[in-house]
Amino acid sequence: MADLQHFLSTVPLFGAATDSELDSLAAYAFGRLLKRGQALVREGQPSDLLFVVVEGRLKVFVGSDRGEHLSLALVGPGEVIGLFGVVDGHPRMATIEALEDARLVCIRAEDFQALLHSSAGLSLAVAEELAFRIRDVTGSAADLVFLDLPRRLVKLLLATSDKDGLGLTQTEIADQLGAARTSVNRNLSSFQRRGWVEIGHKNVRVLDRDALAAFGGS
């Protein structure tokens, strides 16, 4: 219990929670393990649980009737999943799938809602988090309209890649950008020929951030 309370205290959403509130969250919570490729939830299912990622990365995406995917977000340790549905009670807006083996903490919606009703600090933190996510989605929608694919790709590489690379396959990158895999491959190959990136097995590593930033106009 003490270890779980300590972990929850490191989660940004719960940063302002009191010790007693963290105790309550820890008391309500239980764990869940996912294998790579396993779905955590699917679009349209009831929003009965809030999830906190302990280990691993997951992708949040929506699909079309034709089998196309648009990735909405990548989430990792310390991030919270399912907040919208737990707050408004509506069904899941997206499918969430593990990109790698993952471990999560689960909190039942009714338990979290009861705590929200009694905690002004946590309610404010949730409102701020939801506002941030709406701004982020708005920015992504604007990018789809106003930026061409090469510059959207540059923006993703600069924002997401670290010294070990992006850690995504080209199909997953295409899903994230709402583009065809062949178009992503063509642009990545162009960047590699210029010495800006290195394309590896299921990974892309940035070699020249300054050149990418100049190309992307940032």
# chains A, B, ... in the order shown; residues from 1 in each chain; ligands from 1
$ closest_atom_pairs --of "region 4-60 of chain A" --to "region 97-103 of chain A" --cutoff "9 Å" --atoms "only C-alpha atoms" --output "Markdown table"
| residue | atom | partner | partner_atom | distance |
| --- | --- | --- | --- | --- |
| A:Gly31 | CA | A:Arg103 | CA | 7.3 |
| A:Arg32 | CA | A:Arg103 | CA | 5.9 |
| A:Leu33 | CA | A:Arg103 | CA | 4.7 |
| A:Leu34 | CA | A:Ala102 | CA | 5.1 |
| A:Lys35 | CA | A:Asp101 | CA | 4.4 |
| A:Arg36 | CA | A:Glu100 | CA | 4.1 |
| A:Gly37 | CA | A:Ala98 | CA | 5.1 |
| A:Gln38 | CA | A:Ala98 | CA | 5.6 |
| A:Ala39 | CA | A:Glu97 | CA | 4.2 |
| A:Leu40 | CA | A:Glu97 | CA | 5.6 |
| A:Val41 | CA | A:Glu97 | CA | 7.4 |
| A:Arg42 | CA | A:Glu97 | CA | 8.5 |
| A:Val52 | CA | A:Arg103 | CA | 8.8 |
| A:Val53 | CA | A:Arg103 | CA | 6.4 |
| A:Val54 | CA | A:Arg103 | CA | 5.4 |
| A:Glu55 | CA | A:Arg103 | CA | 5.0 |
| A:Gly56 | CA | A:Ala102 | CA | 4.2 |
| A:Arg57 | CA | A:Leu99 | CA | 5.6 |
| A:Leu58 | CA | A:Ala98 | CA | 4.3 |
| A:Lys59 | CA | A:Glu97 | CA | 5.5 |
| A:Val60 | CA | A:Glu97 | CA | 6.7 |
$ select_by_dssp --residues "region 35-152 of chain A" --states "alpha helix (DSSP H)" --output "ChimeraX atom specification"
/A:83-88,109-118,120-146,149-152
$ closest_atom_pairs --of "region 94-129 of chain A" --to "region 133-139 of chain A" --cutoff "12 Å" --atoms "only C-alpha atoms" --output "JSON lines"
{"residue": "A:Val126", "atom": "CA", "partner": "A:Arg133", "partner_atom": "CA", "distance": 10.6}
{"residue": "A:Ala127", "atom": "CA", "partner": "A:Arg133", "partner_atom": "CA", "distance": 10.0}
{"residue": "A:Glu128", "atom": "CA", "partner": "A:Arg133", "partner_atom": "CA", "distance": 8.7}
{"residue": "A:Glu129", "atom": "CA", "partner": "A:Arg133", "partner_atom": "CA", "distance": 6.3}
$ residues_around --residues "Phe112 (chain A)" --least-positions-apart "3" --cutoff "9 Å" --atoms "only C-alpha atoms" --output "ChimeraX atom specification"
/A:25,28,49-50,86-87,107-109,115-117
$ write_last_selection --atoms "N, CA and C atoms" --output "PDB file, in the first residue's frame"
ATOM      1  N   LEU A  25      -7.019   6.700  -2.800  1.00  0.00           N
ATOM      2  CA  LEU A  25      -6.763   6.214  -4.153  1.00  0.00           C
ATOM      3  C   LEU A  25      -6.071   4.857  -4.122  1.00  0.00           C
ATOM      4  N   TYR A  28      -8.413   2.023  -3.239  1.00  0.00           N
ATOM      5  CA  TYR A  28      -9.345   1.643  -4.292  1.00  0.00           C
ATOM      6  C   TYR A  28      -8.668   0.891  -5.443  1.00  0.00           C
ATOM      7  N   LEU A  49     -13.351   2.400 -15.666  1.00  0.00           N
ATOM      8  CA  LEU A  49     -12.070   2.408 -14.958  1.00  0.00           C
ATOM      9  C   LEU A  49     -11.198   3.569 -15.417  1.00  0.00           C
ATOM     10  N   LEU A  50     -10.415   4.097 -14.476  1.00  0.00           N
ATOM     11  CA  LEU A  50      -9.347   5.051 -14.769  1.00  0.00           C
ATOM     12  C   LEU A  50      -8.035   4.281 -14.665  1.00  0.00           C
ATOM     13  N   VAL A  86     -14.355   8.673 -17.528  1.00  0.00           N
ATOM     14  CA  VAL A  86     -14.621   8.532 -16.098  1.00  0.00           C
ATOM     15  C   VAL A  86     -15.310   9.781 -15.548  1.00  0.00           C
ATOM     16  N   VAL A  87     -14.981  10.948 -16.100  1.00  0.00           N
ATOM     17  CA  VAL A  87     -15.590  12.196 -15.633  1.00  0.00           C
ATOM     18  C   VAL A  87     -17.011  12.355 -16.156  1.00  0.00           C
ATOM     19  N   ILE A 107      -8.330   2.259 -11.236  1.00  0.00           N
ATOM     20  CA  ILE A 107      -9.199   2.816 -10.199  1.00  0.00           C
ATOM     21  C   ILE A 107     -10.623   2.844 -10.750  1.00  0.00           C
ATOM     22  N   ARG A 108     -11.562   2.297 -10.016  1.00  0.00           N
ATOM     23  CA  ARG A 108     -12.950   2.252 -10.486  1.00  0.00           C
ATOM     24  C   ARG A 108     -13.521   3.664 -10.605  1.00  0.00           C
ATOM     25  N   ALA A 109     -14.332   3.865 -11.639  1.00  0.00           N
ATOM     26  CA  ALA A 109     -14.879   5.188 -11.923  1.00  0.00           C
ATOM     27  C   ALA A 109     -15.657   5.747 -10.733  1.00  0.00           C
ATOM     28  N   LEU A 115     -14.223  10.634  -4.838  1.00  0.00           N
ATOM     29  CA  LEU A 115     -13.115  11.432  -4.329  1.00  0.00           C
ATOM     30  C   LEU A 115     -13.124  12.832  -4.946  1.00  0.00           C
ATOM     31  N   LEU A 116     -13.481  12.929  -6.224  1.00  0.00           N
ATOM     32  CA  LEU A 116     -13.563  14.239  -6.876  1.00  0.00           C
ATOM     33  C   LEU A 116     -14.579  15.134  -6.176  1.00  0.00           C
ATOM     34  N   HIS A 117     -15.716  14.571  -5.776  1.00  0.00           N
ATOM     35  CA  HIS A 117     -16.771  15.356  -5.132  1.00  0.00           C
ATOM     36  C   HIS A 117     -16.335  15.904  -3.775  1.00  0.00           C
TER      37      HIS A 117
END
$ residues_around --residues "His90 (chain A)" --least-positions-apart "6" --cutoff "9 Å" --atoms "only C-alpha atoms" --output "list in words"
Gly44, Pro46, Ser47 and Phe84 of chain A
$ select_by_dssp --residues "region 44-80 of chain A" --states "strand (DSSP E or B)" --output "list in words"
Leu49, Leu50, Phe51, Val52, Val53, Val54, Glu55, Leu58, Lys59, Val60, Phe61, Val62, Gly63, His69, Leu70, Ser71, Leu72, Ala73, Leu74, Val75 and Val80 of chain A
$ decode --residues "region 35-137 of chain A" --atoms "C-alpha atoms" --output "compact mmCIF listing (two decimals), in the first residue's frame"
# COMPACT_ATOMS: atom_id res chain seq x y z
CA LYS A 35 1.20 -7.97 -23.27
CA ARG A 36 2.45 -6.14 -26.36
CA GLY A 37 -0.41 -5.74 -28.84
CA GLN A 38 -3.12 -6.43 -26.25
CA ALA A 39 -6.04 -3.98 -26.06
CA LEU A 40 -6.71 -2.29 -22.75
CA VAL A 41 -10.10 -0.91 -23.84
CA ARG A 42 -11.95 -0.58 -27.13
CA GLU A 43 -13.90 2.31 -28.59
CA GLY A 44 -17.53 2.23 -27.43
CA GLN A 45 -16.97 0.17 -24.26
CA PRO A 46 -18.19 1.49 -20.87
CA SER A 47 -15.88 3.96 -19.12
CA ASP A 48 -15.77 2.11 -15.82
CA LEU A 49 -12.07 2.41 -14.96
CA LEU A 50 -9.35 5.05 -14.77
CA PHE A 51 -5.85 3.81 -15.61
CA VAL A 52 -2.40 5.02 -14.57
CA VAL A 53 0.59 3.70 -16.51
CA VAL A 54 3.36 2.27 -14.31
CA GLU A 55 5.53 0.67 -17.02
CA GLY A 56 5.40 0.45 -20.80
CA ARG A 57 3.87 2.54 -23.56
CA LEU A 58 0.39 2.42 -25.06
CA LYS A 59 -1.22 4.04 -28.08
CA VAL A 60 -4.64 5.65 -28.16
CA PHE A 61 -6.35 5.54 -31.56
CA VAL A 62 -9.65 5.64 -33.40
CA GLY A 63 -10.54 3.47 -36.39
CA SER A 64 -12.74 3.75 -39.45
CA ASP A 65 -15.13 1.20 -40.95
CA ARG A 66 -12.48 0.62 -43.65
CA GLY A 67 -9.92 -0.49 -41.08
CA GLU A 68 -7.93 2.76 -41.10
CA HIS A 69 -6.38 4.03 -37.87
CA LEU A 70 -5.66 7.52 -36.60
CA SER A 71 -3.42 7.60 -33.55
CA LEU A 72 -4.46 10.26 -31.03
CA ALA A 73 -1.74 9.88 -28.42
CA LEU A 74 1.12 7.83 -27.05
CA VAL A 75 1.13 7.40 -23.27
CA GLY A 76 3.82 6.18 -20.91
CA PRO A 77 4.73 5.87 -17.22
CA GLY A 78 3.02 8.37 -14.94
CA GLU A 79 0.30 9.25 -17.44
CA VAL A 80 -3.42 8.77 -16.83
CA ILE A 81 -5.74 7.11 -19.38
CA GLY A 82 -9.54 7.22 -19.59
CA LEU A 83 -10.09 10.50 -17.77
CA PHE A 84 -12.74 11.90 -20.12
CA GLY A 85 -15.00 8.86 -19.85
CA VAL A 86 -14.62 8.53 -16.10
CA VAL A 87 -15.59 12.20 -15.63
CA ASP A 88 -18.58 12.37 -18.01
CA GLY A 89 -19.70 8.72 -17.90
CA HIS A 90 -19.87 8.35 -21.68
CA PRO A 91 -18.47 5.28 -23.50
CA ARG A 92 -14.82 5.11 -24.52
CA MET A 93 -13.97 7.47 -27.39
CA ALA A 94 -10.95 5.46 -28.55
CA THR A 95 -9.17 2.12 -28.43
CA ILE A 96 -6.05 1.77 -26.28
CA GLU A 97 -3.45 -0.87 -27.12
CA ALA A 98 -0.09 -1.77 -25.58
CA LEU A 99 2.93 -1.01 -27.79
CA GLU A 100 5.03 -3.11 -25.41
CA ASP A 101 4.45 -5.12 -22.25
CA ALA A 102 2.81 -2.75 -19.79
CA ARG A 103 1.79 -2.54 -16.15
CA LEU A 104 -1.05 -0.29 -14.98
CA VAL A 105 -2.89 0.78 -11.86
CA CYS A 106 -6.69 0.73 -12.20
CA ILE A 107 -9.20 2.82 -10.20
CA ARG A 108 -12.95 2.25 -10.49
CA ALA A 109 -14.88 5.19 -11.92
CA GLU A 110 -17.31 5.43 -9.01
CA ASP A 111 -14.46 5.51 -6.48
CA PHE A 112 -12.64 8.23 -8.39
CA GLN A 113 -15.82 10.29 -8.83
CA ALA A 114 -16.58 10.08 -5.09
CA LEU A 115 -13.12 11.43 -4.33
CA LEU A 116 -13.56 14.24 -6.88
CA HIS A 117 -16.77 15.36 -5.13
CA SER A 118 -14.93 15.70 -1.83
CA SER A 119 -11.63 17.19 -3.05
CA ALA A 120 -11.50 20.69 -4.50
CA GLY A 121 -7.77 20.34 -5.20
CA LEU A 122 -8.14 17.13 -7.18
CA SER A 123 -11.16 18.52 -9.06
CA LEU A 124 -9.09 21.54 -10.13
CA ALA A 125 -6.22 19.30 -11.21
CA VAL A 126 -8.60 17.20 -13.33
CA ALA A 127 -10.08 20.34 -14.93
CA GLU A 128 -6.58 21.59 -15.79
CA GLU A 129 -5.62 18.21 -17.26
CA LEU A 130 -8.75 18.08 -19.41
CA ALA A 131 -8.14 21.63 -20.64
CA PHE A 132 -4.56 20.70 -21.58
CA ARG A 133 -5.76 17.66 -23.52
CA ILE A 134 -8.34 19.70 -25.43
CA ARG A 135 -5.65 22.23 -26.37
CA ASP A 136 -3.37 19.39 -27.48
CA VAL A 137 -6.06 17.83 -29.68
